[in-house]
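See below for the structure under consideration.
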Amino acid sequence: QVQLVESGGGLVQPGGSLRLSCAASESIFSTHTMGWYRQAPGKQRVLVADTSGRTTNYADSVKGRFTISRDSAKNTVYLQMNSLKPEDTAVYYCYARPATIASPRFWGQGTQVTVSS
């Protein structure tokens, strides 16, 4: 069972930046897509960004503001979030899925991001 441990959430003012990290318990980058979902209060969990290493996808709402990257040596994926808006407030969940499967298989515990003045 792959464990995903997130860090980096917190409170930030509008226009500010945060970087989320997600460390996997084992080396899975070569066989898994990894990324981030978020869930705002009363709303469904939605995909924010993911990467297979060859392709990267972003939700339209974060394009140009968020950047996903990964460090294979550390088994860690990052989400750099710039120009944050109040509507980015949500719990952010790291996930991983085998490249051959469409649905997430492994989830992190979630980290709260709050954008407020």
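Convention: chains lettered A, B, ... in structure tokens order; per-chain residue numbering from 1; ligands numbered from 1 as shown.
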Please identify all polymer residues within 9 Å of range 61-70 of chain A, counting only C-alpha atoms, omitting same-chain residues fewer than 3 positions from it, and present them as a short mmCIF file (atom, residue, chain, number, x, y, z; two decimals) with all heavy atoms, in the first residue's frame.
```cif
data_model
loop_
_atom_site.label_atom_id
_atom_site.label_comp_id
_atom_site.auth_asym_id
_atom_site.auth_seq_id
_atom_site.Cartn_x
_atom_site.Cartn_y
_atom_site.Cartn_z
N PHE A 29 6.94 6.86 -9.53
CA PHE A 29 6.81 7.81 -10.62
C PHE A 29 6.80 7.14 -11.98
O PHE A 29 6.12 7.58 -12.89
CB PHE A 29 7.93 8.84 -10.55
CG PHE A 29 7.73 9.91 -9.51
CD1 PHE A 29 8.75 10.80 -9.22
CD2 PHE A 29 6.54 10.03 -8.83
CE1 PHE A 29 8.58 11.78 -8.27
CE2 PHE A 29 6.35 11.02 -7.87
CZ PHE A 29 7.39 11.90 -7.60
N MET A 34 0.61 11.18 -10.83
CA MET A 34 0.35 11.78 -9.52
C MET A 34 -0.15 13.19 -9.70
O MET A 34 0.15 13.86 -10.69
CB MET A 34 1.62 11.78 -8.67
CG MET A 34 2.10 10.39 -8.27
SD MET A 34 3.50 10.44 -7.16
CE MET A 34 2.77 11.16 -5.68
N GLY A 35 -0.91 13.63 -8.72
CA GLY A 35 -1.44 14.99 -8.83
C GLY A 35 -2.21 15.41 -7.61
O GLY A 35 -2.05 14.83 -6.53
N TRP A 36 -3.06 16.41 -7.81
CA TRP A 36 -3.80 17.02 -6.73
C TRP A 36 -5.27 17.23 -7.10
O TRP A 36 -5.57 17.67 -8.22
CB TRP A 36 -3.19 18.38 -6.40
CG TRP A 36 -1.77 18.31 -5.96
CD1 TRP A 36 -0.66 18.29 -6.76
CD2 TRP A 36 -1.29 18.21 -4.62
NE1 TRP A 36 0.47 18.21 -6.00
CE2 TRP A 36 0.12 18.15 -4.68
CE3 TRP A 36 -1.91 18.19 -3.37
CZ2 TRP A 36 0.91 18.06 -3.53
CZ3 TRP A 36 -1.11 18.12 -2.24
CH2 TRP A 36 0.28 18.04 -2.32
N VAL A 48 -7.21 19.27 -9.81
CA VAL A 48 -6.52 20.54 -9.96
C VAL A 48 -5.40 20.41 -10.99
O VAL A 48 -5.30 21.22 -11.92
CB VAL A 48 -5.92 21.00 -8.61
CG1 VAL A 48 -5.12 22.28 -8.79
CG2 VAL A 48 -7.02 21.18 -7.58
N ALA A 49 -4.56 19.40 -10.83
CA ALA A 49 -3.44 19.20 -11.74
C ALA A 49 -2.88 17.81 -11.53
O ALA A 49 -2.97 17.27 -10.43
CB ALA A 49 -2.34 20.23 -11.50
N ASP A 50 -2.32 17.24 -12.61
CA ASP A 50 -1.62 15.98 -12.45
C ASP A 50 -0.54 15.86 -13.52
O ASP A 50 -0.50 16.61 -14.49
CB ASP A 50 -2.57 14.77 -12.45
CG ASP A 50 -3.32 14.57 -13.75
OD1 ASP A 50 -2.91 15.13 -14.79
OD2 ASP A 50 -4.33 13.83 -13.73
N THR A 51 0.35 14.90 -13.28
CA THR A 51 1.45 14.71 -14.21
C THR A 51 1.86 13.25 -14.24
O THR A 51 1.90 12.57 -13.21
CB THR A 51 2.65 15.59 -13.82
OG1 THR A 51 3.72 15.35 -14.75
CG2 THR A 51 3.14 15.30 -12.41
N GLY A 53 4.71 12.66 -15.90
CA GLY A 53 6.11 12.81 -16.27
C GLY A 53 6.25 13.18 -17.74
O GLY A 53 7.14 13.94 -18.11
N THR A 56 1.22 16.77 -18.60
CA THR A 56 0.74 17.51 -17.43
C THR A 56 -0.61 18.12 -17.75
O THR A 56 -0.81 18.64 -18.85
CB THR A 56 1.74 18.62 -17.05
OG1 THR A 56 3.01 18.02 -16.76
CG2 THR A 56 1.28 19.38 -15.82
N ASN A 57 -1.53 18.05 -16.78
CA ASN A 57 -2.86 18.59 -16.98
C ASN A 57 -3.20 19.56 -15.85
O ASN A 57 -2.82 19.32 -14.70
CB ASN A 57 -3.90 17.46 -16.99
CG ASN A 57 -3.66 16.47 -18.10
OD1 ASN A 57 -3.72 16.81 -19.27
ND2 ASN A 57 -3.36 15.24 -17.72
N TYR A 58 -3.91 20.61 -16.20
CA TYR A 58 -4.37 21.59 -15.22
C TYR A 58 -5.85 21.88 -15.43
O TYR A 58 -6.33 21.93 -16.57
CB TYR A 58 -3.61 22.91 -15.36
CG TYR A 58 -2.14 22.84 -15.04
CD1 TYR A 58 -1.20 22.67 -16.04
CD2 TYR A 58 -1.70 22.95 -13.73
CE1 TYR A 58 0.15 22.61 -15.76
CE2 TYR A 58 -0.34 22.90 -13.42
CZ TYR A 58 0.58 22.73 -14.44
OH TYR A 58 1.92 22.67 -14.14
N LYS A 74 13.35 12.22 -4.60
CA LYS A 74 12.68 12.33 -3.30
C LYS A 74 11.29 11.71 -3.31
O LYS A 74 10.58 11.79 -2.30
CB LYS A 74 12.57 13.81 -2.92
CG LYS A 74 13.92 14.50 -2.71
CD LYS A 74 13.72 15.95 -2.30
CE LYS A 74 15.07 16.64 -2.05
NZ LYS A 74 14.90 18.05 -1.67
N ASN A 75 10.89 11.13 -4.42
CA ASN A 75 9.53 10.55 -4.53
C ASN A 75 8.47 11.57 -4.13
O ASN A 75 7.49 11.22 -3.45
CB ASN A 75 9.39 9.30 -3.66
CG ASN A 75 10.31 8.18 -4.09
OD1 ASN A 75 10.60 8.03 -5.27
ND2 ASN A 75 10.77 7.40 -3.13
N THR A 76 8.67 12.81 -4.55
CA THR A 76 7.81 13.90 -4.10
C THR A 76 7.26 14.68 -5.28
O THR A 76 8.00 14.97 -6.24
CB THR A 76 8.59 14.84 -3.16
OG1 THR A 76 9.02 14.09 -2.01
CG2 THR A 76 7.72 16.00 -2.70
N VAL A 77 5.98 15.02 -5.20
CA VAL A 77 5.36 15.88 -6.18
C VAL A 77 4.97 17.17 -5.48
O VAL A 77 4.60 17.17 -4.30
CB VAL A 77 4.13 15.20 -6.83
CG1 VAL A 77 3.04 14.91 -5.83
CG2 VAL A 77 3.61 16.01 -7.99
N TYR A 78 5.09 18.28 -6.21
CA TYR A 78 4.84 19.60 -5.64
C TYR A 78 3.73 20.31 -6.41
O TYR A 78 3.52 20.06 -7.60
CB TYR A 78 6.10 20.46 -5.71
CG TYR A 78 7.30 19.87 -5.03
CD1 TYR A 78 8.26 19.16 -5.76
CD2 TYR A 78 7.49 20.01 -3.66
CE1 TYR A 78 9.36 18.61 -5.14
CE2 TYR A 78 8.60 19.47 -3.02
CZ TYR A 78 9.54 18.77 -3.77
OH TYR A 78 10.63 18.22 -3.14
N LEU A 79 3.06 21.21 -5.73
CA LEU A 79 2.10 22.10 -6.38
C LEU A 79 2.43 23.51 -5.93
O LEU A 79 2.19 23.87 -4.77
CB LEU A 79 0.66 21.73 -6.02
CG LEU A 79 -0.40 22.53 -6.77
CD1 LEU A 79 -0.39 22.17 -8.26
CD2 LEU A 79 -1.80 22.29 -6.18
N GLN A 80 3.02 24.27 -6.82
CA GLN A 80 3.30 25.67 -6.56
C GLN A 80 2.08 26.49 -6.93
O GLN A 80 1.63 26.45 -8.08
CB GLN A 80 4.52 26.15 -7.36
CG GLN A 80 4.85 27.60 -7.18
CD GLN A 80 5.32 27.94 -5.78
OE1 GLN A 80 6.11 27.22 -5.19
NE2 GLN A 80 4.83 29.05 -5.24
N MET A 81 1.55 27.21 -5.97
CA MET A 81 0.32 27.97 -6.17
C MET A 81 0.61 29.46 -6.01
O MET A 81 1.00 29.89 -4.91
CB MET A 81 -0.75 27.53 -5.18
CG MET A 81 -1.03 26.03 -5.21
SD MET A 81 -2.38 25.52 -4.14
CE MET A 81 -1.69 25.88 -2.54
N ASN A 82 0.45 30.19 -7.08
CA ASN A 82 0.69 31.63 -7.07
C ASN A 82 -0.60 32.38 -7.35
O ASN A 82 -1.58 31.80 -7.83
CB ASN A 82 1.74 32.00 -8.12
CG ASN A 82 3.08 31.36 -7.88
OD1 ASN A 82 3.48 31.12 -6.73
ND2 ASN A 82 3.79 31.05 -8.95
N SER A 83 -0.59 33.67 -7.06
CA SER A 83 -1.76 34.52 -7.31
C SER A 83 -3.02 33.89 -6.75
O SER A 83 -4.06 33.82 -7.42
CB SER A 83 -1.91 34.78 -8.81
OG SER A 83 -0.75 35.39 -9.34
N LEU A 84 -2.95 33.44 -5.53
CA LEU A 84 -4.07 32.73 -4.93
C LEU A 84 -5.28 33.63 -4.75
O LEU A 84 -5.16 34.83 -4.46
CB LEU A 84 -3.64 32.13 -3.59
CG LEU A 84 -2.81 30.85 -3.74
CD1 LEU A 84 -2.04 30.55 -2.46
CD2 LEU A 84 -3.70 29.67 -4.10
N ASP A 88 -9.84 29.62 -4.23
CA ASP A 88 -8.91 28.49 -4.16
C ASP A 88 -8.96 27.81 -2.79
O ASP A 88 -8.33 26.77 -2.59
CB ASP A 88 -7.47 28.95 -4.42
CG ASP A 88 -7.26 29.44 -5.84
OD1 ASP A 88 -7.78 28.80 -6.77
OD2 ASP A 88 -6.58 30.47 -6.01
#
```
Determine, using only C-alpha atoms, which residues of range 40-95 of chain A have any atom at most 7 Å from an atom of range 99-110 of chain A, and tabulate each with its shortest atom pair and distance in Å to one decimal place, rows ordered by chain and then rising number, as JSON lines.
```
{"residue": "A:Val91", "atom": "CA", "partner": "A:Gly110", "partner_atom": "CA", "distance": 5.9}
{"residue": "A:Tyr92", "atom": "CA", "partner": "A:Gly110", "partner_atom": "CA", "distance": 5.3}
{"residue": "A:Tyr93", "atom": "CA", "partner": "A:Gly110", "partner_atom": "CA", "distance": 4.4}
{"residue": "A:Cys94", "atom": "CA", "partner": "A:Gly108", "partner_atom": "CA", "distance": 5.1}
{"residue": "A:Tyr95", "atom": "CA", "partner": "A:Trp107", "partner_atom": "CA", "distance": 4.5}
```
Helix (DSSP H, G or I) residues, from DSSP on the backbone, in chain A, as a list in words: Ser72, Ala73, Lys74, Pro86, Glu87 and Asp88 of chain A
Can those selected residues be exported to a file as a CSV table (one decimal), in the first residue's frame so that it contains C-alpha atoms?
```
chain,number,residue,atom,x,y,z
A,72,SER,CA,12.0,11.5,-8.6
A,73,ALA,CA,15.0,11.3,-6.2
A,74,LYS,CA,12.7,12.3,-3.3
A,86,PRO,CA,-10.4,33.2,-2.1
A,87,GLU,CA,-12.0,30.6,-4.4
A,88,ASP,CA,-8.9,28.5,-4.2
```
Interatomic distance, CA of Gln39 in chain A to CA of Lys85 in chain A (Å, one decimal):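 Value for the CA of Gln39 in chain A-CA of Lys85 in chain A distance: 14.8 Å.
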Separation of CA of Thr89 in chain A from CA of Gln112 in chain A, in Å and rounded to one decimal: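 So the two atoms, CA of Thr89 in chain A and CA of Gln112 in chain A, lie 7.8 Å apart.
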Expected answer as a PyMOL selection string: strand (DSSP E) residues in chain A: chain A and resi 4-7+10-12+18-24+32-39+46-51+56-58+66-71+76-81+90-98+106-107+111-115
Polymer residues at most 6 Å from range 2-5 of chain A, only C-alpha atoms, same-chain spacing of 6 or more positions, as a list in words: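 Counting only C-alpha atoms, the residues come to Cys22, Ala23, Ala24, Ser25 and Gly108 of chain A.
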Contacts of Leu11 in chain A within 10 Å, only C-alpha atoms, excl. fewer than 4 positions in-chain, as a count of residues only: 10
Closest of A:Ser7, A:Thr33, A:Thr111, A:Thr55 to Ala90 in chain A - atom-to-atom distances counting only C-alpha atoms: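 Using only C-alpha atoms, Ala90 in chain A sits closest to A:Thr111.
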Pick from A:Pro41, A:Val46, A:Ala59, A:His32, whichever lies nearest to Ala96 in chain A using only C-alpha atoms: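 Closest to Ala96 in chain A of all the choices is A:His32.
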Nearest to Ser30 in chain A, chosen from A:Gln1, A:Glu6, A:Arg97, A:Ser52, with only C-alpha atoms counted in the distances: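 Between A:Gln1, A:Glu6, A:Arg97, A:Ser52, the residue approaching Ser30 in chain A most closely is A:Ser52.
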Between CA of Gly8 in chain A and CA of Asp71 in chain A - distance in Å to one decimal: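 Atom-to-atom, CA of Asp71 in chain A and CA of Gly8 in chain A are spaced 16.0 Å apart.
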